[in-house]
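The next block holds one structure in the form of structure tokens; read it before the comments.
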Amino acid sequence: IMYPKEEFVVWGTGTQRRAFVYVEDVIQAIIATLDKGMNKGVIQIGPEKSHSISEIAEKIVSLSGKDIPIKFDVDKPEGDKDRMADTTKAREIIGWRQKFDINEGLAQTFAWANEYMAEV
């Protein structure tokens with residue numbers, strides 16, 4: 001298989017920041033909410049730090065072990081400059097904290113995607 005089959009395009013400059021949370025952390029938050037957080041209002045979950053989209057793209061390229069150029073399409077919208085959850089209620093009401101940092105989450109997601117794509 002030749003890599004990449006298509007360009008790796010990031011919308012905007014890549015300076016926009018987002019907070020990513022690994023799926024296993026989300027599942028644990030949902031379970032904790034069912035046990036301790038019902039009828040206690042909105043409980044936001046997420047990491048305590050956001051990352052630039054360009055940083056995430058660079059981490060993905062690094063995980064691939066391939067020399068994949070990242071193209072930034074500045075004609076595309078990039079949305080909010082930064083977006084994060086307020087996790088105060090998650091900590092106080094359901095005792096939840098993120099366990100998987102961005103590097104662990106990306107590595108596990110990348111490994112899963114590689115395995116899945118090999119089967120296709």
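Ordered as shown in the structure tokens, chains take letters A, B, and onward, while each chain numbers its residues from 1 and ligands are numbered from 1 in the order shown.
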### Message
Residues of stretch 4-104 of chain A classed as alpha helix (DSSP H) by DSSP on the backbone are to be reported as a ChimeraX atom specification.
### Response
/A:23-32,53-64,88-94,102-104
### Task
Report as a ChimeraX atom specification: the residues of chain A with a DSSP assignment of strand (DSSP E or B), based on the backbone of this structure.
/A:8-11,17-18,51-52,70-73
Closest-contact table, stretch 69-119 of chain A side, partner stretch 39-47 of chain A, 7 Å, counting only C-alpha atoms, as a tab-separated table:
residue	atom	partner	partner_atom	distance
A:Ala85	CA	A:Gly46	CA	5.6
A:Asp86	CA	A:Gln44	CA	6.0
A:Thr87	CA	A:Gln44	CA	5.5
A:Lys89	CA	A:Ile43	CA	5.6
A:Ala90	CA	A:Ile43	CA	5.6
A:Gln98	CA	A:Pro47	CA	5.9
Could those selected residues go to a file with all heavy atoms, as a PDB file, in the first residue's frame?
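Output (selection10.pdb):
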ATOM      1  N   ALA A  85     -13.870  21.922  28.050  1.00  0.00           N
ATOM      2  CA  ALA A  85     -14.956  21.712  29.012  1.00  0.00           C
ATOM      3  C   ALA A  85     -14.553  22.270  30.375  1.00  0.00           C
ATOM      4  O   ALA A  85     -13.373  22.345  30.707  1.00  0.00           O
ATOM      5  CB  ALA A  85     -15.247  20.219  29.146  1.00  0.00           C
ATOM      6  N   ASP A  86     -15.560  22.636  31.170  1.00  0.00           N
ATOM      7  CA  ASP A  86     -15.341  22.982  32.569  1.00  0.00           C
ATOM      8  C   ASP A  86     -15.621  21.697  33.353  1.00  0.00           C
ATOM      9  O   ASP A  86     -16.765  21.283  33.511  1.00  0.00           O
ATOM     10  CB  ASP A  86     -16.298  24.092  32.998  1.00  0.00           C
ATOM     11  CG  ASP A  86     -16.198  24.424  34.477  1.00  0.00           C
ATOM     12  OD1 ASP A  86     -15.462  23.723  35.223  1.00  0.00           O
ATOM     13  OD2 ASP A  86     -16.867  25.383  34.904  1.00  0.00           O
ATOM     14  N   THR A  87     -14.576  21.068  33.845  1.00  0.00           N
ATOM     15  CA  THR A  87     -14.705  19.744  34.457  1.00  0.00           C
ATOM     16  C   THR A  87     -14.902  19.781  35.976  1.00  0.00           C
ATOM     17  O   THR A  87     -14.813  18.751  36.631  1.00  0.00           O
ATOM     18  CB  THR A  87     -13.478  18.879  34.124  1.00  0.00           C
ATOM     19  OG1 THR A  87     -12.300  19.535  34.603  1.00  0.00           O
ATOM     20  CG2 THR A  87     -13.358  18.650  32.632  1.00  0.00           C
ATOM     21  N   LYS A  89     -17.605  20.086  37.872  1.00  0.00           N
ATOM     22  CA  LYS A  89     -18.673  19.202  38.347  1.00  0.00           C
ATOM     23  C   LYS A  89     -18.306  17.731  38.155  1.00  0.00           C
ATOM     24  O   LYS A  89     -18.674  16.885  38.978  1.00  0.00           O
ATOM     25  CB  LYS A  89     -19.992  19.531  37.649  1.00  0.00           C
ATOM     26  CG  LYS A  89     -20.592  20.850  38.124  1.00  0.00           C
ATOM     27  CD  LYS A  89     -21.820  21.230  37.326  1.00  0.00           C
ATOM     28  CE  LYS A  89     -23.050  20.585  37.883  1.00  0.00           C
ATOM     29  NZ  LYS A  89     -24.281  21.049  37.194  1.00  0.00           N
ATOM     30  N   ALA A  90     -17.578  17.429  37.107  1.00  0.00           N
ATOM     31  CA  ALA A  90     -17.161  16.036  36.886  1.00  0.00           C
ATOM     32  C   ALA A  90     -16.266  15.571  38.034  1.00  0.00           C
ATOM     33  O   ALA A  90     -16.415  14.449  38.526  1.00  0.00           O
ATOM     34  CB  ALA A  90     -16.429  15.907  35.556  1.00  0.00           C
ATOM     35  N   GLN A  98      -9.720  12.621  33.739  1.00  0.00           N
ATOM     36  CA  GLN A  98      -9.182  11.966  32.548  1.00  0.00           C
ATOM     37  C   GLN A  98      -8.011  11.067  32.951  1.00  0.00           C
ATOM     38  O   GLN A  98      -7.126  11.483  33.696  1.00  0.00           O
ATOM     39  CB  GLN A  98      -8.720  13.045  31.573  1.00  0.00           C
ATOM     40  CG  GLN A  98      -8.027  12.522  30.355  1.00  0.00           C
ATOM     41  CD  GLN A  98      -7.440  13.645  29.505  1.00  0.00           C
ATOM     42  OE1 GLN A  98      -7.285  14.767  29.959  1.00  0.00           O
ATOM     43  NE2 GLN A  98      -7.116  13.318  28.280  1.00  0.00           N
TER      44      GLN A  98
END
### Query
Excluding same-chain residues fewer than 3 positions from A:Ala32, what lies within 9 Å of it counting only C-alpha atoms, as a ChimeraX atom specification?
/A:27-29,35-37,94-96
Written selection (all heavy atoms) as a PDB file, in the first residue's frame:
ATOM      1  N   ILE A  27     -16.509   6.657  28.477  1.00  0.00           N
ATOM      2  CA  ILE A  27     -17.322   5.552  28.997  1.00  0.00           C
ATOM      3  C   ILE A  27     -17.302   5.543  30.515  1.00  0.00           C
ATOM      4  O   ILE A  27     -18.343   5.400  31.163  1.00  0.00           O
ATOM      5  CB  ILE A  27     -16.851   4.201  28.416  1.00  0.00           C
ATOM      6  CG1 ILE A  27     -17.159   4.154  26.920  1.00  0.00           C
ATOM      7  CG2 ILE A  27     -17.481   3.024  29.164  1.00  0.00           C
ATOM      8  CD1 ILE A  27     -16.462   3.044  26.167  1.00  0.00           C
ATOM      9  N   GLN A  28     -16.129   5.731  31.107  1.00  0.00           N
ATOM     10  CA  GLN A  28     -16.029   5.764  32.569  1.00  0.00           C
ATOM     11  C   GLN A  28     -16.819   6.936  33.155  1.00  0.00           C
ATOM     12  O   GLN A  28     -17.436   6.807  34.210  1.00  0.00           O
ATOM     13  CB  GLN A  28     -14.559   5.817  33.010  1.00  0.00           C
ATOM     14  CG  GLN A  28     -13.796   4.541  32.716  1.00  0.00           C
ATOM     15  CD  GLN A  28     -14.477   3.301  33.281  1.00  0.00           C
ATOM     16  OE1 GLN A  28     -14.903   3.268  34.432  1.00  0.00           O
ATOM     17  NE2 GLN A  28     -14.600   2.270  32.457  1.00  0.00           N
ATOM     18  N   ALA A  29     -16.814   8.075  32.461  1.00  0.00           N
ATOM     19  CA  ALA A  29     -17.590   9.233  32.924  1.00  0.00           C
ATOM     20  C   ALA A  29     -19.086   8.946  32.866  1.00  0.00           C
ATOM     21  O   ALA A  29     -19.828   9.313  33.782  1.00  0.00           O
ATOM     22  CB  ALA A  29     -17.251  10.463  32.087  1.00  0.00           C
ATOM     23  N   ASP A  35     -24.156   6.383  38.180  1.00  0.00           N
ATOM     24  CA  ASP A  35     -24.078   6.006  39.584  1.00  0.00           C
ATOM     25  C   ASP A  35     -24.223   7.198  40.526  1.00  0.00           C
ATOM     26  O   ASP A  35     -24.906   7.108  41.541  1.00  0.00           O
ATOM     27  CB  ASP A  35     -22.728   5.306  39.832  1.00  0.00           C
ATOM     28  CG  ASP A  35     -22.610   4.740  41.226  1.00  0.00           C
ATOM     29  OD1 ASP A  35     -23.609   4.202  41.753  1.00  0.00           O
ATOM     30  OD2 ASP A  35     -21.510   4.848  41.800  1.00  0.00           O
ATOM     31  N   LYS A  36     -23.599   8.351  40.181  1.00  0.00           N
ATOM     32  CA  LYS A  36     -23.522   9.466  41.135  1.00  0.00           C
ATOM     33  C   LYS A  36     -24.058  10.800  40.618  1.00  0.00           C
ATOM     34  O   LYS A  36     -24.213  11.727  41.411  1.00  0.00           O
ATOM     35  CB  LYS A  36     -22.061   9.703  41.531  1.00  0.00           C
ATOM     36  CG  LYS A  36     -21.351   8.524  42.099  1.00  0.00           C
ATOM     37  CD  LYS A  36     -19.877   8.865  42.302  1.00  0.00           C
ATOM     38  CE  LYS A  36     -19.058   7.621  42.510  1.00  0.00           C
ATOM     39  NZ  LYS A  36     -17.633   7.892  42.464  1.00  0.00           N
ATOM     40  N   GLY A  37     -24.302  10.915  39.317  1.00  0.00           N
ATOM     41  CA  GLY A  37     -24.589  12.229  38.775  1.00  0.00           C
ATOM     42  C   GLY A  37     -25.973  12.472  38.240  1.00  0.00           C
ATOM     43  O   GLY A  37     -26.252  13.553  37.709  1.00  0.00           O
ATOM     44  N   ILE A  94     -19.007  13.431  40.345  1.00  0.00           N
ATOM     45  CA  ILE A  94     -18.858  12.015  39.970  1.00  0.00           C
ATOM     46  C   ILE A  94     -17.444  11.484  40.200  1.00  0.00           C
ATOM     47  O   ILE A  94     -17.164  10.323  39.937  1.00  0.00           O
ATOM     48  CB  ILE A  94     -19.309  11.750  38.512  1.00  0.00           C
ATOM     49  CG1 ILE A  94     -18.436  12.475  37.483  1.00  0.00           C
ATOM     50  CG2 ILE A  94     -20.778  12.099  38.342  1.00  0.00           C
ATOM     51  CD1 ILE A  94     -18.719  12.097  36.042  1.00  0.00           C
ATOM     52  N   GLY A  95     -16.538  12.348  40.661  1.00  0.00           N
ATOM     53  CA  GLY A  95     -15.177  11.903  40.957  1.00  0.00           C
ATOM     54  C   GLY A  95     -14.393  11.503  39.728  1.00  0.00           C
ATOM     55  O   GLY A  95     -13.527  10.628  39.785  1.00  0.00           O
ATOM     56  N   TRP A  96     -14.695  12.141  38.598  1.00  0.00           N
ATOM     57  CA  TRP A  96     -14.068  11.764  37.323  1.00  0.00           C
ATOM     58  C   TRP A  96     -12.891  12.650  36.984  1.00  0.00           C
ATOM     59  O   TRP A  96     -12.936  13.861  37.159  1.00  0.00           O
ATOM     60  CB  TRP A  96     -15.088  11.834  36.183  1.00  0.00           C
ATOM     61  CG  TRP A  96     -14.510  11.429  34.866  1.00  0.00           C
ATOM     62  CD1 TRP A  96     -14.430  10.163  34.375  1.00  0.00           C
ATOM     63  CD2 TRP A  96     -13.928  12.268  33.879  1.00  0.00           C
ATOM     64  NE1 TRP A  96     -13.834  10.163  33.141  1.00  0.00           N
ATOM     65  CE2 TRP A  96     -13.512  11.458  32.815  1.00  0.00           C
ATOM     66  CE3 TRP A  96     -13.693  13.646  33.789  1.00  0.00           C
ATOM     67  CZ2 TRP A  96     -12.891  11.953  31.674  1.00  0.00           C
ATOM     68  CZ3 TRP A  96     -13.070  14.145  32.653  1.00  0.00           C
ATOM     69  CH2 TRP A  96     -12.683  13.305  31.621  1.00  0.00           C
TER      70      TRP A  96
END
### Task
For stretch 110-120 of chain A, list every protein, DNA or RNA residue within 10 Å, evaluated using only C-alpha atoms, and leave out those in the same chain fewer than 2 positions away; present the list as an NGL selection string.
:A and (60 or 63-64 or 104-108)
### Task
Grab the atom CA of A:His51 to atom CA of A:Ile30 distance for me, in Å with one decimal place.
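Result for atom CA of A:His51 versus atom CA of A:Ile30: 23.6 Å, one decimal.
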### Query
Which residue out of A:Gly79, A:Val26, A:Ile70, A:Val21 has the minimum interatomic distance to A:Glu55 when only C-alpha atoms are used?
A:Ile70
### Pick from A:Arg97, A:Lys71, A:Arg83, A:Arg91, whichever lies nearest to A:Ala57 using only C-alpha atoms
A:Lys71
### Query
Between atom CA of A:Ser54 and atom CA of A:Gly12, what is the distance, to one decimal in Å?
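Interatomic distance here is 9.6 Å.
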### Message
Give me, as a PyMOL selection string, all polymer residues having an atom no more than 12 Å from A:Val10, counting only C-alpha atoms and skipping those fewer than 6 positions away in the same chain.
### Response
chain A and resi 16+52-58+69-78
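The nearest approach to A:Asn103 among the residues A:Met38, A:Lys59, A:Lys81, A:Lys66, with only C-alpha atoms taken into account, belongs to A:Lys59.
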